[in-house]
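The data block below is entry_28.cif; it holds mmCIF, C-alpha atoms.
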```
data_run
loop_
_atom_site.label_atom_id
_atom_site.label_comp_id
_atom_site.auth_asym_id
_atom_site.auth_seq_id
_atom_site.Cartn_x
_atom_site.Cartn_y
_atom_site.Cartn_z
CA MET A 1 60.44 -0.54 86.29
CA ARG A 2 64.00 -1.44 87.25
CA SER A 3 65.76 0.74 84.73
CA LEU A 4 68.41 -0.38 82.33
CA LEU A 5 70.90 1.59 84.43
CA PHE A 6 70.17 -0.59 87.46
CA ARG A 7 70.55 -3.77 85.46
CA LYS A 8 73.86 -2.64 83.97
CA ALA A 9 75.08 -1.89 87.50
CA HIS A 10 74.35 -5.44 88.66
CA LYS A 11 77.63 -7.02 87.56
CA PRO A 12 79.93 -4.19 88.82
CA LEU A 13 78.07 -4.22 92.12
CA LYS A 14 78.52 -7.97 92.49
CA LEU A 15 82.24 -7.61 91.78
CA THR A 16 82.49 -4.78 94.31
CA ALA A 17 80.76 -6.87 96.97
CA ALA A 18 83.09 -9.78 96.27
CA SER A 19 86.14 -7.48 96.47
CA LEU A 20 84.99 -5.99 99.77
CA THR A 21 84.45 -9.45 101.21
CA GLY A 22 87.90 -10.48 100.03
CA ALA A 23 89.44 -7.33 101.50
CA ALA A 24 87.74 -7.95 104.83
CA GLY A 25 89.12 -11.47 104.82
CA LEU A 26 92.60 -10.24 103.98
CA LEU A 27 92.52 -7.60 106.71
CA GLY A 28 91.36 -10.20 109.17
CA GLY A 29 94.26 -12.36 108.08
CA VAL A 30 96.93 -9.74 108.68
CA GLU A 31 95.72 -9.23 112.26
CA LYS A 32 98.09 -11.95 113.43
CA ALA A 33 101.00 -10.98 111.14
CA ASN A 34 104.38 -10.17 112.66
CA VAL A 35 105.38 -6.66 111.54
CA GLU A 36 109.11 -7.20 112.12
CA LYS A 37 109.25 -10.37 110.08
CA THR A 38 107.19 -8.66 107.38
CA ARG A 39 109.77 -5.83 107.30
CA GLU A 40 112.56 -8.41 107.04
CA PHE A 41 111.05 -10.37 104.16
CA LEU A 42 108.88 -7.87 102.29
CA GLY A 43 110.38 -4.48 103.04
CA GLN A 44 109.51 -1.35 104.99
CA THR A 45 106.57 -0.24 102.87
CA THR A 46 104.71 -3.52 103.20
CA ALA A 47 105.47 -3.63 106.93
CA GLU A 48 103.97 -0.15 107.36
CA MET A 49 100.84 -1.25 105.47
CA VAL A 50 100.50 -4.29 107.72
CA ARG A 51 100.95 -2.14 110.84
CA SER A 52 98.29 0.35 109.64
CA ALA A 53 95.92 -2.47 108.81
CA GLN A 54 96.35 -3.96 112.26
CA GLU A 55 95.66 -0.52 113.77
CA TRP A 56 92.44 0.06 111.77
CA ASN A 57 91.12 -3.50 111.46
CA TRP A 58 88.53 -2.99 114.16
CA VAL A 59 86.85 -0.35 111.97
CA LEU A 60 87.61 -1.53 108.47
CA VAL A 61 86.61 -5.20 108.71
CA PRO A 62 83.05 -4.60 110.02
CA PHE A 63 82.69 -1.65 107.65
CA PHE A 64 83.67 -3.72 104.60
CA ILE A 65 81.40 -6.59 105.65
CA ALA A 66 78.47 -4.24 106.21
CA LEU A 67 79.05 -2.50 102.88
CA ALA A 68 79.31 -5.85 101.07
CA ALA A 69 76.04 -6.96 102.70
CA LEU A 70 74.34 -3.72 101.64
CA ILE A 71 75.55 -4.12 98.06
CA GLY A 72 74.43 -7.76 98.15
CA PHE A 73 70.96 -6.59 99.16
CA ALA A 74 70.98 -4.09 96.29
CA THR A 75 71.96 -6.72 93.72
CA ARG A 76 69.20 -9.03 94.96
CA TRP A 77 66.74 -6.16 94.70
CA ILE A 78 67.81 -5.45 91.12
CA GLY A 79 67.71 -9.14 90.20
CA ASP A 80 69.94 -11.02 87.82
CA PRO A 81 69.75 -9.11 84.48
CA LYS A 82 70.04 -12.36 82.53
CA LYS A 83 66.89 -13.69 84.18
CA TRP A 84 65.08 -10.41 83.56
CA ASN A 85 66.07 -10.66 79.90
CA VAL A 86 64.46 -14.09 79.84
CA VAL A 87 61.28 -12.65 81.36
CA HIS A 88 61.31 -9.91 78.73
CA ASP A 89 61.65 -12.50 75.96
CA VAL A 90 58.71 -14.45 77.38
CA LEU A 91 56.55 -11.31 77.39
CA ASP A 92 57.64 -10.55 73.82
CA GLN A 93 56.72 -14.07 72.78
CA LEU A 94 53.35 -13.81 74.48
CA ARG A 95 52.67 -10.48 72.79
CA ASP A 96 53.62 -11.84 69.36
CA GLU A 97 51.41 -14.91 69.84
CA ILE A 98 48.39 -12.95 71.10
CA PHE A 99 48.61 -10.26 68.43
CA SER A 100 49.91 -12.35 65.54
CA GLU A 101 47.27 -10.84 63.26
CA ALA A 102 48.42 -7.33 64.15
CA ALA A 103 52.09 -7.96 63.43
CA ASP A 104 52.36 -4.79 61.33
CA ASP A 105 51.09 -2.53 64.12
CA VAL A 106 53.63 -0.60 66.19
CA ALA A 107 54.72 -2.36 69.37
CA HIS A 108 53.23 0.10 71.86
CA GLU A 109 49.71 -0.35 70.49
CA HIS A 110 49.58 -3.85 71.97
CA ARG A 111 51.56 -4.51 75.12
CA VAL A 112 52.09 -7.14 77.77
CA THR A 113 53.20 -5.78 81.16
CA LEU A 114 54.29 -7.76 84.21
CA PHE A 115 53.41 -6.25 87.59
CA LYS A 116 54.86 -7.47 90.88
CA LYS A 117 52.85 -7.39 94.09
CA LYS A 118 54.50 -5.36 96.82
CA ASN A 119 53.07 -5.02 100.28
CA PHE A 120 54.78 -1.69 100.93
CA LEU A 121 55.54 1.17 98.61
CA LEU A 122 56.90 4.62 99.27
CA CYS A 123 54.61 6.76 97.16
CA LYS A 124 52.61 9.96 97.12
CA ARG A 125 49.25 8.27 96.66
CA GLY A 126 47.44 6.29 99.31
CA TRP A 127 48.73 4.37 102.29
CA TRP A 128 52.16 2.81 101.93
CA TRP A 129 51.04 -0.59 103.21
CA SER A 130 47.77 -1.06 101.35
CA GLY A 131 49.37 -3.41 98.79
CA TRP A 132 50.54 -2.31 95.35
CA LEU A 133 51.17 -3.71 91.89
CA VAL A 134 54.35 -2.23 90.44
CA PRO A 135 55.43 -2.70 86.79
CA VAL A 136 58.71 -4.62 86.54
CA GLU A 137 58.90 -5.68 82.88
CA ARG A 138 57.14 -4.96 79.61
CA SER A 139 57.17 -6.37 76.12
CA GLY A 140 58.81 -4.51 73.26
CA HIS A 141 61.46 -1.82 73.42
CA THR A 142 59.32 1.34 73.54
CA SER A 143 57.24 2.77 76.42
CA GLN A 144 59.59 1.02 78.85
CA LYS A 145 59.74 3.93 81.25
CA THR A 146 56.58 4.03 83.28
CA ASP A 147 55.74 5.13 86.78
CA VAL A 148 52.20 3.77 86.81
CA TYR A 149 51.32 1.55 89.76
CA PHE A 150 48.02 0.31 91.12
CA LYS A 151 46.54 -0.23 94.55
CA ALA A 152 46.01 -3.94 95.12
CA PRO A 153 44.30 -4.57 98.45
CA ASP A 154 42.21 -7.70 98.96
CA ASN A 155 39.06 -5.58 98.86
CA ALA A 156 37.97 -5.32 95.20
CA ALA A 157 36.08 -2.11 95.95
CA LEU A 158 39.39 -0.35 96.62
CA ALA A 159 41.51 -2.04 93.95
CA GLU A 160 42.79 0.13 91.10
CA GLY A 161 43.02 -0.73 87.47
CA VAL A 162 42.45 -4.09 85.83
CA ALA A 163 45.67 -5.19 87.54
CA GLY A 164 44.27 -4.45 90.99
CA GLN A 165 40.89 -5.99 90.17
CA THR A 166 42.60 -9.18 88.99
CA TRP A 167 44.60 -9.38 92.20
CA ALA A 168 41.54 -8.75 94.36
CA ARG A 169 39.65 -11.56 92.61
CA LYS A 170 42.27 -14.09 93.73
CA GLY A 171 43.95 -14.09 90.32
CA LYS A 172 40.87 -14.82 88.19
CA PRO A 173 41.39 -13.26 84.77
CA VAL A 174 39.53 -9.99 84.33
CA TYR A 175 38.61 -8.55 80.94
CA VAL A 176 37.44 -5.04 80.15
CA ARG A 177 36.56 -4.13 76.59
CA ASP A 178 35.18 -1.30 74.44
CA LEU A 179 36.82 1.52 76.40
CA PRO A 180 36.37 4.99 74.88
CA ASN A 181 39.01 6.23 72.47
CA LEU A 182 40.87 9.04 74.26
CA GLY A 183 42.92 10.05 71.23
CA GLY A 184 42.41 13.63 70.02
CA THR A 185 40.31 15.78 72.36
CA PRO A 186 38.17 13.54 74.56
CA THR A 187 35.16 15.00 76.30
CA ASP A 188 34.75 15.04 80.07
CA ALA A 189 32.10 12.34 79.70
CA GLU A 190 34.52 10.09 77.78
CA LEU A 191 37.26 10.61 80.37
CA ALA A 192 34.83 9.80 83.18
CA GLU A 193 33.58 6.69 81.37
CA TYR A 194 37.15 5.50 80.79
CA ALA A 195 38.07 6.06 84.42
CA LYS A 196 35.02 4.19 85.68
CA LYS A 197 35.36 1.21 83.33
CA SER A 198 39.12 0.84 83.87
CA PHE A 199 38.96 1.35 87.68
CA MET A 200 41.36 4.27 87.54
CA ALA A 201 41.15 7.65 89.23
CA LEU A 202 39.77 10.36 86.93
CA ASP A 203 42.83 12.55 87.54
CA GLU A 204 45.13 9.73 86.45
CA VAL A 205 43.15 9.23 83.25
CA ARG A 206 43.07 12.97 82.56
CA ASN A 207 46.84 13.33 83.07
CA ARG A 208 48.00 10.16 81.36
CA ARG A 209 45.40 9.86 78.55
CA PRO A 210 45.75 6.09 78.18
CA LEU A 211 44.97 4.88 74.68
CA ALA A 212 44.29 1.23 75.41
CA ARG A 213 40.73 0.27 74.55
CA SER A 214 40.77 -3.25 75.92
CA LEU A 215 42.49 -4.68 78.99
CA TYR A 216 42.97 -8.25 80.14
CA GLY A 217 44.63 -9.15 83.43
CA PHE A 218 45.57 -12.51 84.91
CA ALA A 219 47.63 -13.54 87.88
CA VAL A 220 51.13 -14.96 87.67
CA GLU A 221 52.15 -17.65 90.13
CA ALA A 222 55.55 -18.75 91.32
CA ASN A 223 56.01 -21.67 93.69
CA GLY A 224 52.26 -22.07 93.96
CA GLN A 225 51.69 -18.54 95.23
CA ARG A 226 50.45 -15.46 93.45
CA TRP A 227 53.52 -13.39 92.52
CA GLY A 228 51.95 -10.60 90.49
CA VAL A 229 49.75 -9.85 87.52
CA ILE A 230 50.19 -9.65 83.76
CA VAL A 231 48.10 -7.05 81.98
CA VAL A 232 47.58 -7.17 78.24
CA ASP A 233 46.49 -3.80 76.85
CA SER A 234 45.57 -3.03 73.27
CA ARG A 235 44.23 -0.24 71.09
CA LEU A 236 41.84 -2.80 69.66
CA PRO A 237 38.42 -2.45 71.30
CA ARG A 238 38.17 -6.21 71.87
CA LEU A 239 40.53 -9.12 72.39
CA LYS A 240 40.20 -12.82 71.70
CA GLU A 241 40.01 -13.65 75.36
CA ARG A 242 39.94 -17.44 75.02
CA GLU A 243 43.09 -17.25 72.92
CA LEU A 244 44.83 -15.23 75.61
CA SER A 245 44.40 -17.87 78.26
CA LYS A 246 45.48 -20.61 75.87
CA ARG A 247 48.61 -18.68 74.82
CA TYR A 248 49.53 -17.89 78.39
CA ARG A 249 49.32 -21.54 79.41
CA MET A 250 52.12 -22.28 76.96
CA VAL A 251 54.58 -20.02 78.79
CA ALA A 252 53.19 -20.00 82.35
CA ARG A 253 55.24 -22.84 83.81
CA PHE A 254 58.53 -21.52 82.42
CA LEU A 255 57.75 -17.96 83.50
CA GLY A 256 56.86 -19.12 87.03
CA LYS A 257 60.12 -21.03 87.38
CA THR A 258 62.12 -17.99 86.20
CA LEU A 259 60.33 -15.66 88.60
CA GLU A 260 60.99 -18.02 91.52
CA ALA A 261 64.67 -17.19 91.07
CA LEU A 262 64.14 -13.41 91.01
CA MET B 263 45.80 -56.89 93.39
CA LYS B 264 48.57 -56.29 90.92
CA PRO B 265 51.53 -54.14 91.97
CA GLU B 266 51.14 -50.45 91.28
CA VAL B 267 51.13 -49.65 87.59
CA LEU B 268 51.45 -46.07 86.51
CA SER B 269 48.69 -45.39 84.01
CA ARG B 270 48.95 -42.75 81.34
CA TRP B 271 47.96 -39.13 81.85
CA ILE B 272 44.70 -38.09 80.22
CA SER B 273 45.11 -34.65 78.62
CA ILE B 274 42.49 -32.08 79.56
CA ASP B 275 41.16 -29.54 77.10
CA SER B 276 41.32 -26.49 79.33
CA VAL B 277 39.11 -24.40 77.03
CA LYS B 278 36.20 -26.76 77.73
CA TYR B 279 36.27 -26.00 81.45
CA ASP B 280 37.18 -22.32 81.24
CA SER B 281 33.86 -20.66 81.83
CA ASP B 282 33.36 -16.94 82.11
CA SER B 283 30.93 -14.94 84.13
CA VAL B 284 29.91 -11.32 84.02
CA GLU B 285 30.28 -9.51 87.31
CA SER B 286 29.29 -6.03 88.18
CA SER B 287 31.63 -3.87 90.22
CA ASP B 288 30.33 -0.41 91.10
CA GLY B 289 28.14 -0.44 88.00
CA VAL B 290 30.95 -1.59 85.70
CA GLU B 291 30.57 -4.81 83.74
CA LEU B 292 33.54 -7.16 84.11
CA HIS B 293 34.14 -10.44 82.36
CA VAL B 294 35.79 -12.82 84.82
CA PHE B 295 37.27 -16.20 83.86
CA VAL B 296 38.71 -19.25 85.58
CA SER B 297 42.36 -18.79 86.48
CA PRO B 298 44.57 -20.83 84.12
CA TYR B 299 46.34 -22.08 87.24
CA ASP B 300 43.09 -23.61 88.53
CA LEU B 301 42.55 -25.63 85.34
CA PRO B 302 44.29 -29.03 85.37
CA SER B 303 46.25 -29.89 82.27
CA ALA B 304 45.95 -33.65 82.81
CA VAL B 305 44.45 -36.31 85.09
CA ARG B 306 45.26 -39.96 85.70
CA GLY B 307 44.08 -42.82 87.86
CA ARG B 308 46.23 -45.50 89.41
CA VAL B 309 46.02 -48.14 92.07
CA ASP B 310 48.46 -48.27 94.93
CA GLY B 311 48.91 -52.01 95.38
CA ALA B 312 50.43 -51.64 98.83
CA THR B 313 47.65 -49.52 100.35
CA ARG B 314 44.80 -50.85 98.09
CA ARG B 315 43.75 -47.32 97.39
CA PHE B 316 42.72 -45.76 94.13
CA VAL B 317 44.68 -42.57 93.52
CA ILE B 318 43.63 -39.83 91.12
CA ASP B 319 46.31 -37.25 90.29
CA PHE B 320 45.75 -33.85 88.73
CA LYS B 321 48.52 -31.97 86.96
CA TYR B 322 48.60 -28.15 86.92
CA LEU B 323 50.65 -25.30 85.49
CA SER B 324 52.40 -24.77 88.81
CA GLU B 325 53.42 -26.96 91.71
CA GLU B 326 53.42 -26.23 95.43
CA PRO B 327 53.71 -27.99 98.77
CA GLN B 328 50.61 -30.03 99.55
CA VAL B 329 48.68 -30.84 102.71
CA GLU B 330 46.38 -33.78 103.33
CA ARG B 331 42.71 -33.38 104.23
CA ARG B 332 40.74 -36.48 105.18
CA ILE B 333 37.04 -36.20 104.44
CA ASP B 334 35.88 -39.53 105.82
CA GLU B 335 37.24 -42.99 106.47
CA HIS B 336 37.34 -43.82 102.75
CA VAL B 337 38.53 -40.63 101.01
CA SER B 338 41.38 -38.19 101.54
CA PHE B 339 42.65 -35.27 99.49
CA SER B 340 46.03 -33.68 98.91
CA ILE B 341 45.43 -30.00 98.34
CA GLY B 342 47.75 -27.10 97.60
CA LYS B 343 49.06 -25.47 100.76
CA HIS B 344 48.53 -21.98 99.34
CA SER B 345 45.92 -22.40 96.63
CA HIS B 346 43.79 -25.28 98.03
CA ARG B 347 43.70 -26.85 94.57
CA VAL B 348 42.99 -30.56 94.43
CA TYR B 349 46.25 -32.30 93.49
CA ARG B 350 45.37 -35.84 94.53
CA ILE B 351 42.42 -37.89 95.70
CA GLU B 352 42.94 -41.19 97.46
CA ALA B 353 39.98 -43.50 97.84
CA ASP B 354 39.56 -46.85 99.56
CA VAL B 355 38.59 -49.09 96.63
CA GLU B 356 37.32 -51.98 98.72
CA GLY B 357 35.31 -49.69 100.96
CA LEU B 358 33.70 -47.78 98.08
CA GLY B 359 33.47 -50.40 95.36
CA ALA B 360 35.80 -50.46 92.36
CA ASN B 361 33.18 -49.77 89.71
CA VAL B 362 31.63 -46.75 91.41
CA VAL B 363 34.60 -45.13 93.08
CA THR B 364 34.83 -42.21 90.66
CA LEU B 365 31.12 -41.49 91.14
CA ARG B 366 31.56 -41.35 94.90
CA LEU B 367 34.36 -38.83 94.62
CA VAL B 368 32.22 -36.03 93.20
CA PRO B 369 30.20 -35.57 96.43
CA ALA B 370 33.45 -35.96 98.36
CA ILE B 371 34.75 -32.84 96.62
CA ASP B 372 31.60 -31.02 97.76
CA LYS B 373 32.39 -32.05 101.32
CA LEU B 374 35.93 -30.73 100.91
CA ALA B 375 34.62 -27.45 99.53
CA LYS B 376 32.32 -26.99 102.52
CA ALA B 377 35.15 -27.76 104.89
CA LEU B 378 37.51 -25.22 103.31
CA GLN B 379 35.45 -22.33 102.04
CA PRO B 380 33.19 -19.86 103.78
CA ALA B 381 29.68 -19.99 102.37
CA GLY B 382 29.16 -18.16 99.07
CA THR B 383 32.75 -18.36 97.79
CA PRO B 384 32.97 -21.51 95.69
CA HIS B 385 36.41 -22.44 94.44
CA ASP B 386 36.57 -22.73 90.63
CA ASN B 387 39.04 -25.57 90.93
CA PHE B 388 36.59 -27.76 92.84
CA ARG B 389 33.92 -27.29 90.18
CA VAL B 390 36.41 -28.09 87.43
CA ALA B 391 37.75 -31.16 89.28
CA LYS B 392 34.21 -32.53 89.64
CA GLU B 393 33.46 -31.97 85.96
CA ILE B 394 36.71 -33.67 84.94
CA LEU B 395 35.92 -36.68 87.14
CA GLU B 396 32.48 -36.98 85.57
CA ASP B 397 33.76 -36.56 82.03
CA SER B 398 36.73 -38.91 82.49
CA GLN B 399 34.82 -41.47 84.55
CA SER B 400 34.94 -44.26 82.01
CA GLU B 401 38.66 -43.90 81.31
CA LEU B 402 39.54 -43.61 85.01
CA THR B 403 37.37 -46.63 85.87
CA ARG B 404 39.06 -48.59 83.09
CA GLN B 405 42.44 -47.70 84.64
CA LEU B 406 41.17 -48.83 88.02
CA VAL B 407 39.63 -52.08 86.86
CA GLY B 408 42.65 -52.84 84.69
CA ALA B 409 44.96 -52.59 87.65
CA ALA B 410 42.69 -54.34 90.12
#
```

Could you show the structure in this file as structure tokens?
Amino acid sequence: MRSLLFRKAHKPLKLTAASLTGAAGLLGGVEKANVEKTREFLGQTTAEMVRSAQEWNWVLVPFFIALAALIGFATRWIGDPKKWNVVHDVLDQLRDEIFSEAADDVAHEHRVTLFKKKNFLLCKRGWWWSGWLVPVERSGHTSQKTDVYFKAPDNAALAEGVAGQTWARKGKPVYVRDLPNLGGTPTDAELAEYAKKSFMALDEVRNRRPLARSLYGFAVEANGQRWGVIVVDSRLPRLKERELSKRYRMVARFLGKTLEAL
Amino acid sequence: MKPEVLSRWISIDSVKYDSDSVESSDGVELHVFVSPYDLPSAVRGRVDGATRRFVIDFKYLSEEPQVERRIDEHVSFSIGKHSHRVYRIEADVEGLGANVVTLRLVPAIDKLAKALQPAGTPHDNFRVAKEILEDSQSELTRQLVGAA
């Protein structure tokens, strides 16, 4: 997920880009300045600065513009932190509504995670362009650091995880329940059953030991197009699936509008 | 005919139309539901006095650009450009008959489905739209007759 560090860097980066653009404009402006008149009115030091600027403009102006553009790209990639905070609040609200009866349970036992569909991903597993679902936001304040991502091609036979299966089924909600409890020392048979039922690779299950026992995924749309997937995972063996859809409908429109801007 | 009068939206109980099915993928049992985006939240009928056409609008969770698909000389659809959801149906009231227009629209949706989908991949939204038309027939007909 875009780490907190990235989001804190958003504002300084925007200011830097604005400063570089301003500097490029200023340097472009001094191109036509008269050095002698500058020396007469503003002194020797300023005149020397103007002369140096005029000498190096041809390098500095394009460099500043290119750097500002690169930083602009980075800030767009990070996304406005205020909007991401709104998305986080929506996921928190959804989590609280879905698991209102489990309010006393710790946050990471019942989670709502937003995955974004990316067509290309630089990763160790699989082909870069096979389509991936990458986590971008999660409810709560714990288990925020995660590097889990799922293959999401159009072919359901190759899709990973409930997230990938939801994507491959054109966004139809997918529900998997009664997964084995992998707490303690699970047997090989339990690990294999978990991997099969959750559409994950056995190695991933063995290494990560996920503790969710029920999973529910549904697509998220923005501007009428599928944007990504939300996965609800819980240590409860079953969820109230009808409730989930009903609760999501209450926030879907607002969430879609917010994601359009990200 | 009276000038166009906007009738009220009829709220849809999405739970009623949200059916689930059990699919098997590589021996694993999956419960699959209708996407909440494919379930309309409301429907209404109105008469366009200028064109003399009965218009049925569906409201959804999300909006998108729409494209028109004409099925025959009497009926045309506005469907989502990306999702192919039915957003609007326009029907020629005089050509179809005011008191049976909603009934004639159900087979029109089947024609649309055939035109858009490859065989064997029915669109949930089309099924739901048909069911809503059947269930809301009396209210929609009342809106039509009231404006006619």

Write out, as a tab-separated table, each residue of chain A that has an atom at most 8 Å from chain B, together with the closest pair of atoms and their distance in Å to one decimal, counting all atoms listed in the file, rows going by chain and rising number.
```
residue	atom	partner	partner_atom	distance
A:Ala157	CA	B:Ser287	CA	7.5
A:Gly171	CA	B:Ser297	CA	6.3
A:Lys172	CA	B:Ser297	CA	4.6
A:Pro173	CA	B:Phe295	CA	5.1
A:Val174	CA	B:Val294	CA	4.7
A:Tyr175	CA	B:His293	CA	5.1
A:Val176	CA	B:Leu292	CA	5.9
A:Lys196	CA	B:Val290	CA	7.1
A:Lys197	CA	B:Val290	CA	5.7
A:Phe218	CA	B:Ser297	CA	7.2
A:Ala219	CA	B:Ser297	CA	7.6
A:Glu221	CA	B:Ser324	CA	7.2
A:Ala222	CA	B:Ser324	CA	7.2
A:Asn223	CA	B:Glu326	CA	5.5
A:Gly224	CA	B:Glu326	CA	4.6
A:Gln225	CA	B:His344	CA	6.2
A:Arg242	CA	B:Val277	CA	7.3
A:Ser245	CA	B:Pro298	CA	6.6
A:Lys246	CA	B:Val277	CA	7.5
A:Arg249	CA	B:Pro298	CA	6.7
A:Ala252	CA	B:Leu323	CA	6.7
A:Arg253	CA	B:Leu323	CA	5.5
A:Gly256	CA	B:Ser324	CA	7.4
```

Take CA of Pro135 in chain A and CA of Gly183 in chain A and report the distance between them in Å, one decimal.
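It comes out at 23.7 Å.
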
Give me the residues near range 237-241 of chain A as a list in words, where near means some atom within 7 Å (using only C-alpha atoms) and where sequence neighbours in that chain fewer than 4 positions away do not count.
Arg177, Asp178, Leu179, Arg213, Ser214 and Ser245 of chain A

What do you get, as a ChimeraX atom specification, if you spell out every residue that the PyMOL selection byres ((chain A and resi 54) around 10) selects here?
/A:27-33,35,48-53,55-58,60

Separation of CA of Gly79 in chain A and CA of Arg7 in chain A, in Å?
7.7 Å

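Restricting the calculation to only C-alpha atoms, the smallest distance between Ile98 in chain A and any of A:Val232, A:Ala23, A:Ile65, A:Ala47 is found for A:Val232.
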
At a cut-off of 12 Å, using all atoms listed in the file, what residues contact Arg208 in chain A? Leave out same-chain residues fewer than 3 positions from it and give the result as a PyMOL selection string.
chain A and resi 146-148+182-183+191+194-195+200-205+211-212

For Asp80 in chain A, the closest of A:Phe115, A:Phe254, A:Phe6, A:Tyr216 counting only C-alpha atoms is A:Phe6

Can you translate the PyMOL selection byres ((chain B and resi 269) around 12) into the concrete residues it hits in this file, as a list in words?
Glu266, Val267, Leu268, Arg270, Trp271, Ile272, Val305, Arg306, Gly307, Arg308, Val309, Asp310, Phe316, Val317, Ile318, Asp319, Glu401, Leu402, Thr403, Arg404, Gln405, Leu406, Val407, Gly408 and Ala409 of chain B

Given the file above and the PyMOL selection byres ((chain B and resi 314) around 8), which residues are selected, and can you give them as a list in words?
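Applied to this file, the PyMOL selection byres ((chain B and resi 314) around 8) returns Met263, Val309, Asp310, Gly311, Ala312, Thr313, Arg315, Phe316, Asp354, Val355 and Glu356 of chain B.
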
Tell me, in Å to one decimal, how far CA of Lys83 in chain A is from CA of Val220 in chain A.
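Atom-to-atom, CA of Lys83 in chain A to CA of Val220 in chain A, that is 16.2 Å.
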